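Trainee: First the structure, then my questions, so here it is.
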Protein chains: 2
Amino acid sequence: MNSETIRRRIRAIGRQLKSHGLDCLILTKRANVTYTTGFMGDDSWAVIIGGKVYLVTDSRYTEQAEKECIDCKIVERGDSLAAAVAKIAGKKKSLRNFAVEKSSSVAVYEQLKKALKVRLKAVSSIVEDIRADKDTGEAAKIKTAISISTRALALTKPYIRAGVTESELAGMLDFQMKKLGAKNGFETIVAFGPNASRPHHQPGKRKLKKRDSVLIDFGAEYEGYRSDLTRCFCIGGATAFYKKVYDVVERAQAAAIGIMKDGADMIEVDAAARKVIAESGLPVYGHGSGHGFGLEIHENPFLKPDGKGTLKAGQILTIEPGIYIPGKIGVRIEDDVLVTKTGSWVLTAKCPHRPYEIG
Amino acid sequence: MNSETIRRRIRAIGRQLKSHGLDCLILTKRANVTYTTGFMGDDSWAVIIGGKVYLVTDSRYTEQAEKECIDCKIVERGDSLAAAVAKIAGKKKSLRNFAVEKSSSVAVYEQLKKALKVRLKAVSSIVEDIRADKDTGEAAKIKTAISISTRALALTKPYIRAGVTESELAGMLDFQMKKLGAKNGFETIVAFGPNASRPHHQPGKRKLKKRDSVLIDFGAEYEGYRSDLTRCFCIGGATAFYKKVYDVVERAQAAAIGIMKDGADMIEVDAAARKVIAESGLPVYGHGSGHGFGLEIHENPFLKPDGKGTLKAGQILTIEPGIYIPGKIGVRIEDDVLVTKTGSWVLTAKCPHRPYEIG
């Protein structure tokens with residue numbers, strides 16, 4: 001990230017503030033603070049005022065902020081964050097229309113309202129909407145996160161064998177990502193057999209059996225940016241039914257990816273995957289078909305039946321249809337896809353779907 | 001956890017509501033939802049009204065809620081969480097004074113206000129203050145988390161050798177905890193050499209050298225409850241200065257633990273540790289001397305110079321003094337201590353401080 005990148009982001013936010021009639025925006029969400037300052041630590045806020053960015057942090061983080069921040073003024077707070085914001089704002093007495101993010105806590109809102117003594121709106125999605133479009137620096141970090149995840153899964157495959165627990169296998173995959181210099185992008189899901197029918201299953205003590213199936217939903221975080229993949233495996237050969245389900249999920253995913261491009265209607269992309277599953281007679285998944293990711297694991301845009309809008313070149317989304325039959329089977333295939341002017345590019349192509357029968 | 005435990009918690013909350021003149025409390029913080037319902041999933045709220053508890057969740061979690069919830073009515077929401085709460089509240093038309101937690105987002109507050117059409121206060125710490133006192137079931141889970149962490153660190157020790165990176169060592173420790181059936185209680189800190197002078201250091205690519213020092217701050221999460229320990233090591237023998245620093249930190253910790261008991265003034269416990277370090281002429285740490293933990297990694301009570309109140313038997317706190325000299329050294333020793341009627345019990349005693357010189 002360089003100075004020009006940050007300035008472009010701040011200009012984009014500035015245009016939104018102008019259209020909302022706002023003089024100042026106070027960001028409390030960590031991903032938005034990182035996006036506007038470069039700072040990767042905790043417990044800090046960004047204040048955007050008159051085209052300038054201030055990072056309000058404390059003495060624990062000043063050294064880190066000086067290393068990481070780009071084009072922003074670092075304010076080391078004495079007492080409360082709200083008091084520090086009031087001090088910054090106090091220098092610009094002509095400004096009256098302040099806003100804070102709706103994701104901020106009520107406690108923070110009340111403190112700011114008291115400290116600032118100005119009109120304080122709560123607004124949503126201003127920075128999130130801008131973050132939906134990834135720049136090349138962001139895409140490069142996501143690609144690194146993907147390549148680390150791909151390598152980590154390859155290194156973990158030898159441990160997918162009878163006797164391993166879900167929790168242990170998740171731990172081994174996480175270990176490989178950390179060994180490769182990344183962190184977990186989110187809590188790894190490992191589900192054996194019918195546990196895979198719960199999309200939010202937490203890895204537990206269940207041991208892998210011979211002729212069992214495995215679902216792994218995981219991702220790395222590299223320099224703040226994430227990857228998000230799901231792969232499924234069968235130990236000692238898949239049943240005919242598993243093969244059928246797997247084929248349908250893979251075709252559903254291909255159908256959605258096939259129509260992705262700049263300007264594509266997001267409802268149509270979502271519907272394309274669902275249609276393939278519905279036509280097979282198998283149950284259609286209850287979750288979205290995909291979502292943006294980056295500084296957060298779920299961020300705009302979201303592909304869902306009641307979504308709206310069109311895809312834009314530069315956006316990166318998961319495409320992740322699944323088929324779930326409680327107590328019986330769960331198969332999901334999730335790839336990360338970059339939208340281009342003329343189509344799309346599957347960034348996770350080097351992490352193959354097949355062969356999924358192992359051991 | 002059993003039905004009587006939950007009922008005792010709800011009665012304690014009920015007394016607080018009465019003293020605040022409130023008819024209904026809406027809990028959005030995950031730890032507080034778990035505490036009042038037993039439910040361990042995400043995206044769900046608890047509503048406490050007339051001595052009854054409702055869990056508002058969605059179809060993804062209904063099966064899990066039915067397994068986990070104790071003595072509470074499960075409400076599967078159709079549309080928004082706020083609408084579901086309004087429906088529950090609507091059945092009790094005489095009730096007018098509602099409250100939501102101050103940690104809730106402004107967005108949630110606004111939605112509830114719109115849906116409920118009642119007075120809606122924002123309150124803080126009602127459930128947090130009750131959670132500060134652990135019951136025997138909670139203590140048992142914390143003890144299991146501690147014994148898993150202790151075992152995991154023992155299994156990780158052979159990997160503390162020249163060439164390993166901070167990130168890899170953190171990953172190995174996390175793997176061992178997962179293999180033993182727990183999760184990370186929080187993001188493991190591994191800091192080599194002078195990196196340990198930053199209490200919030202993130203494990204990175206730095207490789208361990210011969211005659212290097214290591215700081216590891218870690219904990220497990222077992223059935224929702226955490227442990228929190230810090231241990232330091234020196235590879236191939238410690239310098240005389242490191243030994244001096246280590247001794248002072250250990251004596252500071254012992255001084256604080258030595259005066260812990262039911263009724264002890266929390267400021268005095270905090271001060272006892274600081275005094276030993278100040279008298280040694282070494283720099284006194286900027287963070288608190290300890291904190292409660294359990295469903296969250298940092299929770300009431302907090303030991304700090306401007307704290308207030310007294311310890312109570314049954315509370316479990318970390319005691320974690322440290323000495324930090326930027327660019328030079330960082331040593332922190334952190335144990336988990338149960339307050340008793342007559343003194344205290346170091347629950348982490350089986351994870352020894354010494355020998356800290358290894359390899």
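Residues are referred to by chain and number: the chain letter is A, B, ... according to the order shown in the structure tokens, the number counts from 1 in that chain, and ligands are numbered separately from 1 in the order shown.
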Select all residues from chain B having any atom no more than 8 Å from an atom of chain A (counting only C-alpha atoms, ignoring ligands), output as a list in words.
Mentor: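 Output check: Arg60, Lys102, Ser103, Ser104, Ser105, Val106, Ala107, Tyr109, Ala122, Thr165, Ser167, Glu168, Leu169, Ala170, Gly171, Met172, Asp174, Phe175, Gln176, Lys178, Lys179, Leu180, Gly181, Ala182, Arg198, His200, Gly204 and Lys205 of chain B.
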Trainee: What lies within 8 Å of Phe293 of chain B using only C-alpha atoms, ignoring chain neighbours under 2 positions off, as a count of residues only?
Mentor: 13
Trainee: So that I can check the secondary structure, give me every residue of segment 41-88 of chain A assigned strand (DSSP E) by backbone DSSP, as an NGL selection string.
Mentor: :A and (45-49 or 52-57 or 73-76)
Trainee: Near Leu17 of chain A, counting only C-alpha atoms, which residues have an atom at most 12 Å away, once you skip same-chain residues fewer than 4 positions from it, shown as a list in words?
Mentor: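 After dropping sequence-adjacent residues, the list is Ile10, Arg11, Ala12, Ile13, Gly21, Leu22, Asp23, Cys24, Leu25, Ile26, Ile48, Ile49, Gly50, Gly51, Asn97, Phe98, Ala99, Val100, Lys121, Val123, Ser124, Ser125, Ile126 and Val127 of chain A.
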Trainee: Can you work out the spacing between atom CA of Ala255 of chain B and atom CA of Ile277 of chain B in Å, to one decimal?
Mentor: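 The value is 10.4 Å.
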Trainee: Please indicate the distance in Å from atom CA of Thr62 of chain B to atom CA of Leu81 of chain B, rounded to one decimal place.
Mentor: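 We find that atom CA of Thr62 of chain B and atom CA of Leu81 of chain B lie 14.2 Å from each other.
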Trainee: Per residue of segment 324-346 of chain B within 12 Å of segment 143-152 of chain B, note the shortest atom pair and the distance in Å to one decimal, counting only C-alpha atoms, and order the rows by chain and increasing residue number, as a Markdown table.
Mentor:
```
| residue | atom | partner | partner_atom | distance |
| --- | --- | --- | --- | --- |
| B:Asp335 | CA | B:Ile146 | CA | 9.8 |
| B:Asp336 | CA | B:Ile146 | CA | 8.4 |
| B:Val337 | CA | B:Lys143 | CA | 10.5 |
| B:Leu338 | CA | B:Lys143 | CA | 10.2 |
| B:Trp345 | CA | B:Lys143 | CA | 11.6 |
| B:Val346 | CA | B:Lys143 | CA | 10.6 |
```
Trainee: Within 9 Å of Val33 of chain A, counting only C-alpha atoms, which residues qualify if same-chain residues fewer than 4 places away don't, as a list in words?
Mentor: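 Residues meeting the cut-off are Leu27, Thr28, Lys29, Thr37, Gly38, Phe39, Met40, Ser44, Trp45, Ala46, Val47 and Leu55 of chain A.
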Trainee: With all heavy atoms retained, write the just-selected residues as a tab-separated table (two decimals), in the first residue's frame.
Mentor:
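New file result-v8.tsv:
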```tsv
chain	number	residue	atom	x	y	z
A	27	LEU	N	-14.46	6.41	12.35
A	27	LEU	CA	-14.50	4.97	12.07
A	27	LEU	C	-14.03	4.19	13.29
A	27	LEU	O	-12.94	4.45	13.81
A	27	LEU	CB	-13.59	4.65	10.87
A	27	LEU	CG	-13.94	5.39	9.58
A	27	LEU	CD1	-12.85	5.16	8.53
A	27	LEU	CD2	-15.28	4.92	9.04
A	28	THR	N	-14.83	3.24	13.70
A	28	THR	CA	-14.46	2.42	14.87
A	28	THR	C	-14.22	0.96	14.48
A	28	THR	O	-13.60	0.22	15.23
A	28	THR	CB	-15.57	2.45	15.93
A	28	THR	OG1	-16.77	1.91	15.37
A	28	THR	CG2	-15.83	3.85	16.42
A	29	LYS	N	-14.72	0.55	13.31
A	29	LYS	CA	-14.55	-0.84	12.91
A	29	LYS	C	-13.10	-1.06	12.46
A	29	LYS	O	-12.59	-0.32	11.62
A	29	LYS	CB	-15.51	-1.17	11.75
A	29	LYS	CG	-15.58	-2.67	11.47
A	29	LYS	CD	-16.23	-2.95	10.13
A	29	LYS	CE	-17.70	-3.25	10.27
A	29	LYS	NZ	-18.26	-3.78	9.01
A	37	THR	N	-5.99	3.90	7.08
A	37	THR	CA	-4.74	4.36	7.70
A	37	THR	C	-3.54	3.44	7.42
A	37	THR	O	-2.40	3.88	7.52
A	37	THR	CB	-4.88	4.45	9.24
A	37	THR	OG1	-5.07	3.12	9.75
A	37	THR	CG2	-6.04	5.33	9.64
A	38	GLY	N	-3.79	2.16	7.19
A	38	GLY	CA	-2.71	1.18	7.09
A	38	GLY	C	-2.43	0.51	8.42
A	38	GLY	O	-1.76	-0.53	8.48
A	39	PHE	N	-2.95	1.06	9.51
A	39	PHE	CA	-2.67	0.54	10.85
A	39	PHE	C	-3.38	-0.79	11.09
A	39	PHE	O	-4.56	-0.94	10.77
A	39	PHE	CB	-3.12	1.57	11.90
A	39	PHE	CG	-2.91	1.14	13.32
A	39	PHE	CD1	-1.63	0.95	13.82
A	39	PHE	CD2	-4.00	0.92	14.16
A	39	PHE	CE1	-1.43	0.56	15.14
A	39	PHE	CE2	-3.81	0.52	15.48
A	39	PHE	CZ	-2.53	0.34	15.97
A	40	MET	N	-2.64	-1.78	11.66
A	40	MET	CA	-3.19	-3.12	11.82
A	40	MET	C	-3.48	-3.49	13.28
A	40	MET	O	-3.86	-4.63	13.56
A	40	MET	CB	-2.20	-4.15	11.25
A	40	MET	CG	-1.80	-3.89	9.81
A	40	MET	SD	-2.82	-4.80	8.65
A	40	MET	CE	-2.17	-6.45	8.96
A	44	SER	N	-8.22	1.24	18.24
A	44	SER	CA	-7.89	2.54	17.66
A	44	SER	C	-9.00	2.95	16.69
A	44	SER	O	-9.70	2.10	16.14
A	44	SER	CB	-6.55	2.47	16.93
A	44	SER	OG	-5.55	2.03	17.83
A	45	TRP	N	-9.13	4.26	16.50
A	45	TRP	CA	-10.16	4.80	15.62
A	45	TRP	C	-9.52	5.66	14.54
A	45	TRP	O	-8.43	6.20	14.73
A	45	TRP	CB	-11.12	5.71	16.42
A	45	TRP	CG	-11.92	5.02	17.47
A	45	TRP	CD1	-11.94	3.69	17.77
A	45	TRP	CD2	-12.82	5.66	18.39
A	45	TRP	NE1	-12.80	3.46	18.81
A	45	TRP	CE2	-13.35	4.64	19.22
A	45	TRP	CE3	-13.23	6.96	18.59
A	45	TRP	CZ2	-14.27	4.91	20.22
A	45	TRP	CZ3	-14.14	7.24	19.60
A	45	TRP	CH2	-14.66	6.22	20.40
A	46	ALA	N	-10.24	5.79	13.43
A	46	ALA	CA	-9.80	6.73	12.41
A	46	ALA	C	-10.83	7.86	12.33
A	46	ALA	O	-12.03	7.63	12.43
A	46	ALA	CB	-9.68	6.04	11.06
A	47	VAL	N	-10.32	9.08	12.17
A	47	VAL	CA	-11.19	10.24	12.04
A	47	VAL	C	-10.88	10.89	10.70
A	47	VAL	O	-9.72	11.24	10.43
A	47	VAL	CB	-10.95	11.25	13.18
A	47	VAL	CG1	-11.86	12.46	13.04
A	47	VAL	CG2	-11.16	10.58	14.54
A	55	LEU	N	-5.32	8.96	13.04
A	55	LEU	CA	-5.45	7.70	13.77
A	55	LEU	C	-5.36	8.02	15.25
A	55	LEU	O	-4.36	8.58	15.71
A	55	LEU	CB	-4.35	6.71	13.40
A	55	LEU	CG	-4.45	5.39	14.20
A	55	LEU	CD1	-5.46	4.45	13.55
A	55	LEU	CD2	-3.10	4.71	14.32
```
Trainee: Do a neighbour search on Asp265 of chain A at 8 Å with only C-alpha atoms, toss out local chain neighbours closer than 3 positions, and write the hits as a PyMOL selection string.
Mentor: chain A and resi 268-269+308-311
Trainee: For Ser94 of chain A, which of A:Val118, A:Ala132, A:Ile6, A:Val339 is the closest residue, counting only C-alpha atoms?
Mentor: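 Going through A:Val118, A:Ala132, A:Ile6, A:Val339 one by one, the smallest distance to Ser94 of chain A is for A:Val118.
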Trainee: Given the choices B:Val85, B:Cys69, B:Leu112, B:Val214, which gets closest to Gly330 of chain B if the distance is worked out from only C-alpha atoms?
Mentor: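 Closest residue, counting only C-alpha atoms: B:Val214.
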Trainee: Mind checking which residues fall within 8 Å of Gly322 of chain A, counting only C-alpha atoms, ignoring those fewer than 3 positions away in the same chain, and posting them as a list in words?
Mentor: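 Those residues are Val249, Val284, Tyr285, Gly330, Val331, Arg332 and Ile333 of chain A.
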Trainee: Mind writing the picked residues with N, CA and C atoms as a JSON list (two decimals), in the first residue's frame?
Mentor:
```json
[["chain", "number", "residue", "atom", "x", "y", "z"],
["A", 249, "VAL", "N", -22.91, -30.25, -7.24],
["A", 249, "VAL", "CA", -22.37, -29.04, -6.61],
["A", 249, "VAL", "C", -21.33, -28.40, -7.52],
["A", 284, "VAL", "N", -31.81, -27.44, -2.20],
["A", 284, "VAL", "CA", -31.04, -26.21, -2.46],
["A", 284, "VAL", "C", -30.59, -25.61, -1.12],
["A", 285, "TYR", "N", -29.34, -25.17, -1.06],
["A", 285, "TYR", "CA", -28.74, -24.62, 0.17],
["A", 285, "TYR", "C", -29.45, -23.36, 0.66],
["A", 330, "GLY", "N", -23.01, -33.74, 3.49],
["A", 330, "GLY", "CA", -22.80, -32.32, 3.27],
["A", 330, "GLY", "C", -21.64, -32.14, 2.31],
["A", 331, "VAL", "N", -21.89, -31.47, 1.19],
["A", 331, "VAL", "CA", -20.81, -31.19, 0.23],
["A", 331, "VAL", "C", -20.91, -29.71, -0.15],
["A", 332, "ARG", "N", -19.79, -29.01, -0.01],
["A", 332, "ARG", "CA", -19.73, -27.62, -0.47],
["A", 332, "ARG", "C", -18.40, -27.46, -1.19],
["A", 333, "ILE", "N", -18.41, -26.73, -2.28],
["A", 333, "ILE", "CA", -17.16, -26.41, -2.98],
["A", 333, "ILE", "C", -17.09, -24.89, -3.06]]
```
